[in-house]
Each structure stands twice: as C-alpha cells, then as structure tokens.
$ cat coords-v8.txt   # compact mmCIF, C-alpha atoms
# COMPACT_ATOMS: atom_id res chain seq x y z
CA MET B 1 0.00 0.00 0.00
CA VAL B 2 1.24 3.53 -0.75
CA HIS B 3 0.54 7.10 0.26
CA VAL B 4 -1.42 8.82 -2.51
CA ILE B 5 -2.11 12.52 -2.98
CA VAL B 6 -5.25 13.50 -4.88
CA VAL B 7 -5.38 17.10 -6.10
CA GLY B 8 -8.99 18.22 -6.54
CA CYS B 9 -11.95 17.29 -4.36
CA GLY B 10 -14.73 17.36 -6.94
CA ARG B 11 -16.78 14.35 -7.95
CA VAL B 12 -13.85 12.62 -9.65
CA GLY B 13 -11.24 13.44 -7.02
CA SER B 14 -13.43 12.55 -4.05
CA GLY B 15 -14.54 9.30 -5.70
CA LEU B 16 -10.93 8.39 -6.40
CA ALA B 17 -9.84 9.28 -2.86
CA VAL B 18 -12.62 7.22 -1.28
CA ALA B 19 -11.82 4.23 -3.51
CA LEU B 20 -8.11 4.43 -2.65
CA ASP B 21 -8.90 4.68 1.05
CA ARG B 22 -11.23 1.71 0.79
CA ASP B 23 -8.42 -0.30 -0.81
CA GLY B 24 -6.21 0.38 2.18
CA HIS B 25 -4.00 3.16 0.84
CA SER B 26 -3.03 6.24 2.83
CA VAL B 27 -4.68 9.23 1.12
CA ALA B 28 -4.42 13.01 1.30
CA ILE B 29 -6.69 15.22 -0.80
CA ILE B 30 -6.01 18.87 -1.65
CA ASP B 31 -8.55 21.46 -2.77
CA LYS B 32 -8.65 25.25 -2.89
CA ASN B 33 -12.30 25.19 -1.78
CA GLU B 34 -12.61 24.03 1.80
CA ASP B 35 -16.36 23.46 1.39
CA ALA B 36 -15.59 20.70 -1.14
CA PHE B 37 -14.42 18.41 1.65
CA ARG B 38 -17.76 18.66 3.44
CA LYS B 39 -19.70 18.40 0.20
CA TYR B 40 -18.01 15.41 -1.41
CA LEU B 41 -16.22 13.37 1.25
CA PRO B 42 -18.18 10.96 3.47
CA PRO B 43 -18.51 11.66 7.22
CA ASP B 44 -16.28 8.69 8.02
CA TRP B 45 -13.44 9.89 5.76
CA ARG B 46 -10.18 8.64 7.30
CA GLY B 47 -7.70 10.43 5.05
CA ARG B 48 -6.02 13.80 5.29
CA THR B 49 -7.54 17.00 3.86
CA VAL B 50 -5.44 20.00 2.86
CA HIS B 51 -6.97 23.36 2.03
CA GLY B 52 -4.76 24.80 -0.69
CA PHE B 53 -3.29 24.24 -4.16
CA GLY B 54 -1.70 21.15 -5.63
CA PHE B 55 1.11 23.17 -7.17
CA ASP B 56 2.02 24.93 -3.90
CA ARG B 57 4.97 23.18 -2.28
CA ASP B 58 3.91 24.08 1.25
CA HIS B 59 0.51 22.52 0.64
CA LEU B 60 2.10 19.47 -0.96
CA GLU B 61 4.38 19.10 2.04
CA GLU B 62 1.35 19.28 4.32
CA ALA B 63 -0.23 16.50 2.26
CA GLY B 64 2.81 14.29 2.80
CA VAL B 65 4.44 14.60 -0.60
CA ARG B 66 7.82 13.36 0.63
CA GLU B 67 6.40 9.95 1.51
CA ALA B 68 3.95 9.80 -1.41
CA GLY B 69 4.23 7.01 -3.95
CA ALA B 70 1.56 8.39 -6.29
CA LEU B 71 -0.24 11.63 -7.18
CA ALA B 72 -3.35 12.24 -9.27
CA ALA B 73 -4.15 15.82 -10.33
CA VAL B 74 -7.87 15.86 -11.23
CA THR B 75 -9.06 19.44 -10.73
CA SER B 76 -11.16 21.20 -13.35
CA GLY B 77 -8.18 23.22 -14.59
CA ASP B 78 -5.68 21.82 -17.11
CA ASN B 79 -2.91 24.24 -16.12
CA SER B 80 -3.24 23.45 -12.42
CA ASN B 81 -3.22 19.73 -13.09
CA ILE B 82 -0.15 19.81 -15.30
CA LEU B 83 1.74 22.10 -12.95
CA ALA B 84 0.96 19.85 -9.97
CA ALA B 85 1.97 16.77 -11.97
CA ARG B 86 5.26 18.30 -13.10
CA ILE B 87 6.22 19.40 -9.59
CA ALA B 88 5.36 15.94 -8.26
CA ARG B 89 7.41 14.23 -10.95
CA GLU B 90 10.36 16.60 -11.32
CA THR B 91 10.81 18.08 -7.84
CA TYR B 92 9.68 15.24 -5.59
CA GLU B 93 10.34 12.35 -7.99
CA ILE B 94 7.04 10.64 -7.26
CA PRO B 95 7.08 7.52 -9.45
CA ARG B 96 3.39 7.35 -10.36
CA VAL B 97 1.79 10.60 -11.50
CA VAL B 98 -1.25 11.24 -13.68
CA ALA B 99 -3.00 14.45 -14.75
CA ARG B 100 -6.57 14.95 -15.91
CA ILE B 101 -6.70 17.06 -19.08
CA TYR B 102 -9.73 18.50 -20.84
CA ASP B 103 -7.96 19.74 -23.98
CA PRO B 104 -6.92 16.64 -26.00
CA ARG B 105 -4.29 18.65 -27.90
CA ARG B 106 -2.52 19.42 -24.64
CA ALA B 107 -2.79 15.80 -23.55
CA VAL B 108 -0.72 14.67 -26.52
CA ILE B 109 1.97 17.27 -25.78
CA TYR B 110 2.25 16.35 -22.11
CA GLN B 111 2.32 12.64 -22.83
CA ARG B 112 5.34 13.29 -25.05
CA LEU B 113 6.96 15.00 -22.06
CA GLY B 114 6.49 11.84 -20.06
CA ILE B 115 3.49 13.00 -18.00
CA PRO B 116 0.69 10.40 -18.16
CA THR B 117 -2.64 12.11 -18.80
CA VAL B 118 -6.31 11.21 -18.95
CA ALA B 119 -7.92 13.33 -21.65
CA THR B 120 -11.50 13.66 -20.42
CA VAL B 121 -13.06 14.81 -23.69
CA THR B 122 -11.20 12.27 -25.81
CA TRP B 123 -11.99 9.43 -23.41
CA THR B 124 -15.69 10.33 -23.26
CA THR B 125 -15.93 10.68 -27.04
CA ASP B 126 -14.22 7.33 -27.51
CA GLN B 127 -16.57 5.63 -25.06
CA VAL B 128 -19.66 7.07 -26.77
CA MET B 129 -18.41 6.02 -30.20
CA ARG B 130 -17.82 2.48 -28.97
CA ARG B 131 -21.33 2.23 -27.57
CA LEU B 132 -22.95 3.74 -30.67
CA PHE B 133 -21.21 1.60 -33.23
CA GLU B 134 -20.13 -1.45 -31.21
CA GLU B 135 -16.53 -0.95 -32.21
CA THR B 136 -13.77 -3.20 -30.94
CA SER B 137 -11.21 -1.15 -29.05
CA THR B 138 -7.65 -2.24 -28.33
CA GLU B 139 -6.92 -1.66 -24.65
CA TRP B 140 -3.41 -3.15 -24.54
CA SER B 141 -0.85 -4.72 -26.85
CA GLU B 142 2.26 -6.65 -25.91
CA PRO B 143 5.52 -5.32 -27.45
CA SER B 144 5.48 -7.52 -30.57
CA GLY B 145 1.87 -6.60 -31.28
CA GLN B 146 0.90 -10.23 -31.79
CA VAL B 147 -1.41 -10.44 -28.77
CA VAL B 148 -3.87 -7.67 -27.88
CA LEU B 149 -6.43 -7.13 -25.15
CA VAL B 150 -9.66 -5.78 -26.62
CA GLU B 151 -12.95 -4.49 -25.27
CA ARG B 152 -16.18 -5.03 -27.18
CA ALA B 153 -19.83 -4.31 -26.46
CA LEU B 154 -21.67 -7.61 -26.75
CA PRO B 155 -24.17 -7.47 -29.63
CA ALA B 156 -27.83 -7.99 -28.71
CA ALA B 157 -27.88 -11.27 -30.69
CA TRP B 158 -25.54 -12.75 -28.06
CA ALA B 159 -27.90 -12.11 -25.15
CA GLY B 160 -28.90 -15.44 -23.63
CA ARG B 161 -26.07 -17.36 -25.31
CA PRO B 162 -23.18 -19.05 -23.49
CA LEU B 163 -20.09 -16.90 -23.88
CA ARG B 164 -17.96 -20.01 -24.23
CA ASP B 165 -19.44 -20.21 -27.76
CA LEU B 166 -17.68 -16.93 -28.50
CA THR B 167 -14.31 -18.30 -27.50
CA ALA B 168 -14.46 -21.41 -29.69
CA ILE B 169 -12.18 -19.52 -32.08
CA PRO B 170 -8.51 -20.57 -31.81
CA GLY B 171 -6.31 -17.72 -30.61
CA LEU B 172 -9.00 -16.01 -28.52
CA ARG B 173 -9.73 -16.08 -24.80
CA LEU B 174 -12.41 -14.33 -22.77
CA VAL B 175 -10.61 -12.65 -19.85
CA ALA B 176 -13.27 -10.59 -18.09
CA LEU B 177 -16.78 -9.21 -18.36
CA THR B 178 -18.26 -5.88 -17.32
CA ARG B 179 -21.98 -6.10 -16.51
CA ALA B 180 -24.03 -3.20 -15.14
CA GLY B 181 -20.81 -1.34 -14.42
CA GLN B 182 -19.31 -4.20 -12.38
CA ALA B 183 -16.30 -6.12 -13.70
CA GLN B 184 -15.82 -9.83 -13.09
CA LEU B 185 -13.31 -12.43 -14.21
CA ALA B 186 -14.58 -14.81 -16.86
CA ILE B 187 -15.91 -18.20 -15.79
CA ASP B 188 -17.03 -21.12 -17.95
CA ASP B 189 -20.79 -20.86 -17.47
CA LEU B 190 -21.28 -17.15 -18.22
CA ILE B 191 -24.41 -16.32 -20.23
CA GLY B 192 -24.41 -13.11 -22.27
CA GLN B 193 -26.73 -10.26 -21.36
CA GLU B 194 -27.63 -7.15 -23.31
CA GLY B 195 -25.30 -4.31 -22.34
CA ASP B 196 -22.36 -6.56 -21.44
CA LEU B 197 -18.81 -5.49 -22.26
CA VAL B 198 -16.47 -8.38 -22.99
CA HIS B 199 -12.71 -8.14 -22.54
CA LEU B 200 -10.76 -10.61 -24.66
CA ALA B 201 -7.14 -11.58 -25.24
CA VAL B 202 -6.78 -12.10 -28.98
CA ARG B 203 -4.01 -12.95 -31.39
CA LYS B 204 -3.80 -10.14 -33.93
CA GLU B 205 -4.59 -12.36 -36.89
CA THR B 206 -7.76 -13.52 -35.12
CA LEU B 207 -9.41 -10.08 -34.85
CA ASP B 208 -11.33 -10.45 -38.12
CA ASP B 209 -12.57 -13.87 -36.99
CA LEU B 210 -13.78 -12.26 -33.77
CA GLU B 211 -15.78 -9.65 -35.66
CA ARG B 212 -17.38 -12.31 -37.87
CA ARG B 213 -18.25 -14.37 -34.81
CA LEU B 214 -19.84 -11.40 -33.03
CA ALA B 215 -21.86 -10.55 -36.15
CA GLU B 216 -23.48 -13.99 -36.28
CA PRO B 217 -27.27 -13.89 -35.80
CA GLY B 218 -28.67 -15.44 -32.68
CA PRO B 219 -30.31 -18.89 -32.61
CA GLY B 220 -33.64 -18.87 -34.40
CA ALA B 221 -32.87 -15.67 -36.35
CA HIS B 222 -33.95 -15.57 -39.97
$ encode --input "coords-v8.txt" --output "structure tokens"
Amino acid sequence: MVHVIVVGCGRVGSGLAVALDRDGHSVAIIDKNEDAFRKYLPPDWRGRTVHGFGFDRDHLEEAGVREAGALAAVTSGDNSNILAARIARETYEIPRVVARIYDPRRAVIYQRLGIPTVATVTWTTDQVMRRLFEETSTEWSEPSGQVVLVERALPAAWAGRPLRDLTAIPGLRLVALTRAGQAQLAIDDLIGQEGDLVHLAVRKETLDDLERRLAEPGPGAH
C-alpha cells in the first residue's frame, strides 16, 4: 500500500480518494475550496484534507508529498493539473503521477513530455463512439503486437447465449466481463446479457474472426 495525494476534491477526485482509502491506501486530498471536503467526502473519511493548491509546495508538504508514492491531479483546470503533476514528478520524484486534461491537444503534448494524462473529452468521445457503433477497441498490446487485449460491447444477438461459444475460435480467450458497471473475471458458465462489455485476449490475426463471430445472428434468427 502507498501514500497517494489527490489534487482536486470534486466528484472525480473525491470518488478516487474514497476508492483508494477503501483499498487500504493512505490518502491526502487537496482542494482550494474548503467546502468541497464537506460536500463530497463521506462523514467517516479517514484520510487527510489539505486546504490549498496542488502546485504549492507548502501545501504538498502538508499533504505528505515526501512519503507519497503516487499523485493524481484531477481538478477542473488543465494548467493546475499539469503544474501539480510536473512538480510531483520533477521536484519530488514521485514515481506514479497522472493528470486529468480537458484539452486533447494538450494531452498529446504532455504525454510526449512523459506525463501520463487522462484526456477527459477524448476518453468520453471514444466511449460514446464504442457504444454507438459497437466498435472493438484495443486496450493493450504486448511489445510484438501479436497479442492484444480488446474491449467489445456484446451485440444484442448474443444475449442469452453461453459466452464459451464466443471463445471457440482458436487464438482467442475471454478474460473478463463488465456487466451493469461491475467487472468480473470470466468463468465457464457465463451467459451473455444485453449491455455486457467483454474483454478478450486475442491474437492479432484472429481479430477479423472475432468480428465475424460477433456478427453472427442469434439462434432462431432468420
């Protein structure tokens, strides 16, 4: 477990802080608006709260930056997030740093500088596109590019069908399933439901076979 600093106590920051605390991490959260702590954090919040700015070294020190193993800057301001992330990375040498960015053009620039970013607009757009058009999205690829981890919305025709039928293709394995927002590891007797997201490990040359398999009509279809 590590000490984590969260910069920004809005809906995202507070949710992240609570989740980290629940997982057993030591957490400090910084926000310029002291009312945000009362508004967004639960009454039984066990972490540290710091009224101030994530790019102010005194406030970072108060949040325990010298013992921190991770920092997430998730305020509503791109400049504040990047500045906090750069100070954390360059001044305090925190190994795991991420910044929330609204402008996708900036996100690309900062990623090239070695600052991991989450581009809110780009991520949201990508998620909507996937749901609209049931696109297969590559989530991870090993260095040779031969094996990829993909996410795919399960077509309606697969509702009620055993998901083991999907993985009858050589070079494909169902790894996990997200159902009603809850992820679970794949088990043999899973039955597909409308709205499921399937996460599959696939050999690159098998991707077209996967798409053909997903496009198959359900039993009894004409």
$ residues_around --input "coords-v8.txt" --residues "Pro116 of chain B" --least-positions-apart "6" --cutoff "12 Å" --atoms "all atoms listed in the file" --output "MDAnalysis selection string"
chainID B and resid 71:73 81:82 85:86 89 95:101 106:110
$ write_last_selection --input "coords-v8.txt" --atoms "C-alpha atoms" --output "PDB file, keeping the file's coordinate frame"
ATOM      1  CA  LEU B  71      -0.240  11.630  -7.180  1.00  0.00           C
ATOM      2  CA  ALA B  72      -3.350  12.240  -9.270  1.00  0.00           C
ATOM      3  CA  ALA B  73      -4.150  15.820 -10.330  1.00  0.00           C
ATOM      4  CA  ASN B  81      -3.220  19.730 -13.090  1.00  0.00           C
ATOM      5  CA  ILE B  82      -0.150  19.810 -15.300  1.00  0.00           C
ATOM      6  CA  ALA B  85       1.970  16.770 -11.970  1.00  0.00           C
ATOM      7  CA  ARG B  86       5.260  18.300 -13.100  1.00  0.00           C
ATOM      8  CA  ARG B  89       7.410  14.230 -10.950  1.00  0.00           C
ATOM      9  CA  PRO B  95       7.080   7.520  -9.450  1.00  0.00           C
ATOM     10  CA  ARG B  96       3.390   7.350 -10.360  1.00  0.00           C
ATOM     11  CA  VAL B  97       1.790  10.600 -11.500  1.00  0.00           C
ATOM     12  CA  VAL B  98      -1.250  11.240 -13.680  1.00  0.00           C
ATOM     13  CA  ALA B  99      -3.000  14.450 -14.750  1.00  0.00           C
ATOM     14  CA  ARG B 100      -6.570  14.950 -15.910  1.00  0.00           C
ATOM     15  CA  ILE B 101      -6.700  17.060 -19.080  1.00  0.00           C
ATOM     16  CA  ARG B 106      -2.520  19.420 -24.640  1.00  0.00           C
ATOM     17  CA  ALA B 107      -2.790  15.800 -23.550  1.00  0.00           C
ATOM     18  CA  VAL B 108      -0.720  14.670 -26.520  1.00  0.00           C
ATOM     19  CA  ILE B 109       1.970  17.270 -25.780  1.00  0.00           C
ATOM     20  CA  TYR B 110       2.250  16.350 -22.110  1.00  0.00           C
TER      21      TYR B 110
END
$ closest_residue --input "coords-v8.txt" --among "B:Asp189, B:Glu205, B:Asp31, B:Asp23" --to "Gly54 of chain B" --atoms "only C-alpha atoms"
B:Asp31
$ residues_around --input "coords-v8.txt" --residues "Trp158 of chain B" --least-positions-apart "6" --cutoff "12 Å" --atoms "only C-alpha atoms" --output "NGL selection string"
:B and (164-166 or 190-198 or 213-221)
$ closest_residue --input "coords-v8.txt" --among "B:Arg57, B:Leu83, B:Val50, B:Gly77" --to "Glu34 of chain B" --atoms "all atoms listed in the file"
B:Val50
$ closest_residue --input "coords-v8.txt" --among "B:Ile169, B:Ala186, B:Ala28, B:Val7" --to "Ser80 of chain B" --atoms "all atoms listed in the file"
B:Val7
$ atom_distance --input "coords-v8.txt" --atom1 "atom CA of Ala88 of chain B" --atom2 "atom CA of Leu20 of chain B"
18.6 Å
$ atom_distance --input "coords-v8.txt" --atom1 "atom CA of Val74 of chain B" --atom2 "atom CA of Gln184 of chain B"
27.0 Å
$ atom_distance --input "coords-v8.txt" --atom1 "atom CA of Glu67 of chain B" --atom2 "atom CA of Arg11 of chain B"
25.4 Å
$ closest_residue --input "coords-v8.txt" --among "B:Val12, B:Pro155, B:Ala176, B:His3" --to "Arg66 of chain B" --atoms "only C-alpha atoms"
B:His3
$ residues_around --input "coords-v8.txt" --residues "Ala168 of chain B" --least-positions-apart "5" --cutoff "12 Å" --atoms "all atoms listed in the file" --output "mmCIF file with C-alpha atoms, keeping the file's coordinate frame"
data_model
loop_
_atom_site.group_PDB
_atom_site.id
_atom_site.type_symbol
_atom_site.label_atom_id
_atom_site.label_comp_id
_atom_site.auth_asym_id
_atom_site.auth_seq_id
_atom_site.Cartn_x
_atom_site.Cartn_y
_atom_site.Cartn_z
ATOM 1 C CA PRO B 162 -23.180 -19.050 -23.490
ATOM 2 C CA LEU B 163 -20.090 -16.900 -23.880
ATOM 3 C CA ARG B 173 -9.730 -16.080 -24.800
ATOM 4 C CA LEU B 174 -12.410 -14.330 -22.770
ATOM 5 C CA THR B 206 -7.760 -13.520 -35.120
ATOM 6 C CA ASP B 209 -12.570 -13.870 -36.990
ATOM 7 C CA LEU B 210 -13.780 -12.260 -33.770
ATOM 8 C CA ARG B 213 -18.250 -14.370 -34.810
ATOM 9 C CA LEU B 214 -19.840 -11.400 -33.030
#
$ closest_residue --input "coords-v8.txt" --among "B:Val118, B:Val150, B:Ala63, B:Leu16" --to "Ala201 of chain B" --atoms "all atoms listed in the file"
B:Val150
$ residues_near_point --input "coords-v8.txt" --point "(-8.2, 8.4, 3.1)" --cutoff "9 Å" --atoms "all atoms listed in the file" --output "MDAnalysis selection string"
chainID B and resid 4 17:22 24:29 45:49
$ build_atoms --input "coords-v8.txt" --residues "segment 27-41 of chain B" --atoms "N, CA and C atoms" --output "PDB file, keeping the file's coordinate frame"
ATOM      1  N   VAL B  27      -4.259   8.230   2.110  1.00  0.00           N
ATOM      2  CA  VAL B  27      -4.680   9.230   1.120  1.00  0.00           C
ATOM      3  C   VAL B  27      -4.738  10.622   1.734  1.00  0.00           C
ATOM      4  N   ALA B  28      -4.232  11.594   0.975  1.00  0.00           N
ATOM      5  CA  ALA B  28      -4.420  13.010   1.300  1.00  0.00           C
ATOM      6  C   ALA B  28      -5.047  13.677   0.084  1.00  0.00           C
ATOM      7  N   ILE B  29      -6.026  14.534   0.309  1.00  0.00           N
ATOM      8  CA  ILE B  29      -6.690  15.220  -0.800  1.00  0.00           C
ATOM      9  C   ILE B  29      -6.586  16.729  -0.599  1.00  0.00           C
ATOM     10  N   ILE B  30      -6.227  17.422  -1.674  1.00  0.00           N
ATOM     11  CA  ILE B  30      -6.010  18.870  -1.650  1.00  0.00           C
ATOM     12  C   ILE B  30      -7.079  19.561  -2.484  1.00  0.00           C
ATOM     13  N   ASP B  31      -7.621  20.653  -1.968  1.00  0.00           N
ATOM     14  CA  ASP B  31      -8.550  21.460  -2.770  1.00  0.00           C
ATOM     15  C   ASP B  31      -8.514  22.899  -2.280  1.00  0.00           C
ATOM     16  N   LYS B  32      -8.664  23.829  -3.233  1.00  0.00           N
ATOM     17  CA  LYS B  32      -8.650  25.250  -2.890  1.00  0.00           C
ATOM     18  C   LYS B  32      -9.946  25.686  -2.227  1.00  0.00           C
ATOM     19  N   ASN B  33     -10.985  24.879  -2.358  1.00  0.00           N
ATOM     20  CA  ASN B  33     -12.300  25.190  -1.780  1.00  0.00           C
ATOM     21  C   ASN B  33     -12.546  24.283  -0.585  1.00  0.00           C
ATOM     22  N   GLU B  34     -12.475  24.835   0.601  1.00  0.00           N
ATOM     23  CA  GLU B  34     -12.610  24.030   1.800  1.00  0.00           C
ATOM     24  C   GLU B  34     -13.991  23.385   1.918  1.00  0.00           C
ATOM     25  N   ASP B  35     -15.012  24.028   1.341  1.00  0.00           N
ATOM     26  CA  ASP B  35     -16.360  23.460   1.390  1.00  0.00           C
ATOM     27  C   ASP B  35     -16.458  22.142   0.637  1.00  0.00           C
ATOM     28  N   ALA B  36     -15.540  21.925  -0.335  1.00  0.00           N
ATOM     29  CA  ALA B  36     -15.590  20.700  -1.140  1.00  0.00           C
ATOM     30  C   ALA B  36     -15.416  19.460  -0.276  1.00  0.00           C
ATOM     31  N   PHE B  37     -14.627  19.573   0.789  1.00  0.00           N
ATOM     32  CA  PHE B  37     -14.420  18.410   1.650  1.00  0.00           C
ATOM     33  C   PHE B  37     -15.726  17.984   2.318  1.00  0.00           C
ATOM     34  N   ARG B  38     -16.486  18.969   2.790  1.00  0.00           N
ATOM     35  CA  ARG B  38     -17.760  18.660   3.440  1.00  0.00           C
ATOM     36  C   ARG B  38     -18.801  18.176   2.430  1.00  0.00           C
ATOM     37  N   LYS B  39     -18.703  18.717   1.220  1.00  0.00           N
ATOM     38  CA  LYS B  39     -19.700  18.400   0.200  1.00  0.00           C
ATOM     39  C   LYS B  39     -19.511  17.006  -0.393  1.00  0.00           C
ATOM     40  N   TYR B  40     -18.256  16.631  -0.636  1.00  0.00           N
ATOM     41  CA  TYR B  40     -18.010  15.410  -1.410  1.00  0.00           C
ATOM     42  C   TYR B  40     -17.442  14.239  -0.622  1.00  0.00           C
ATOM     43  N   LEU B  41     -16.803  14.486   0.503  1.00  0.00           N
ATOM     44  CA  LEU B  41     -16.220  13.370   1.250  1.00  0.00           C
ATOM     45  C   LEU B  41     -17.219  12.837   2.270  1.00  0.00           C
TER      46      LEU B  41
END
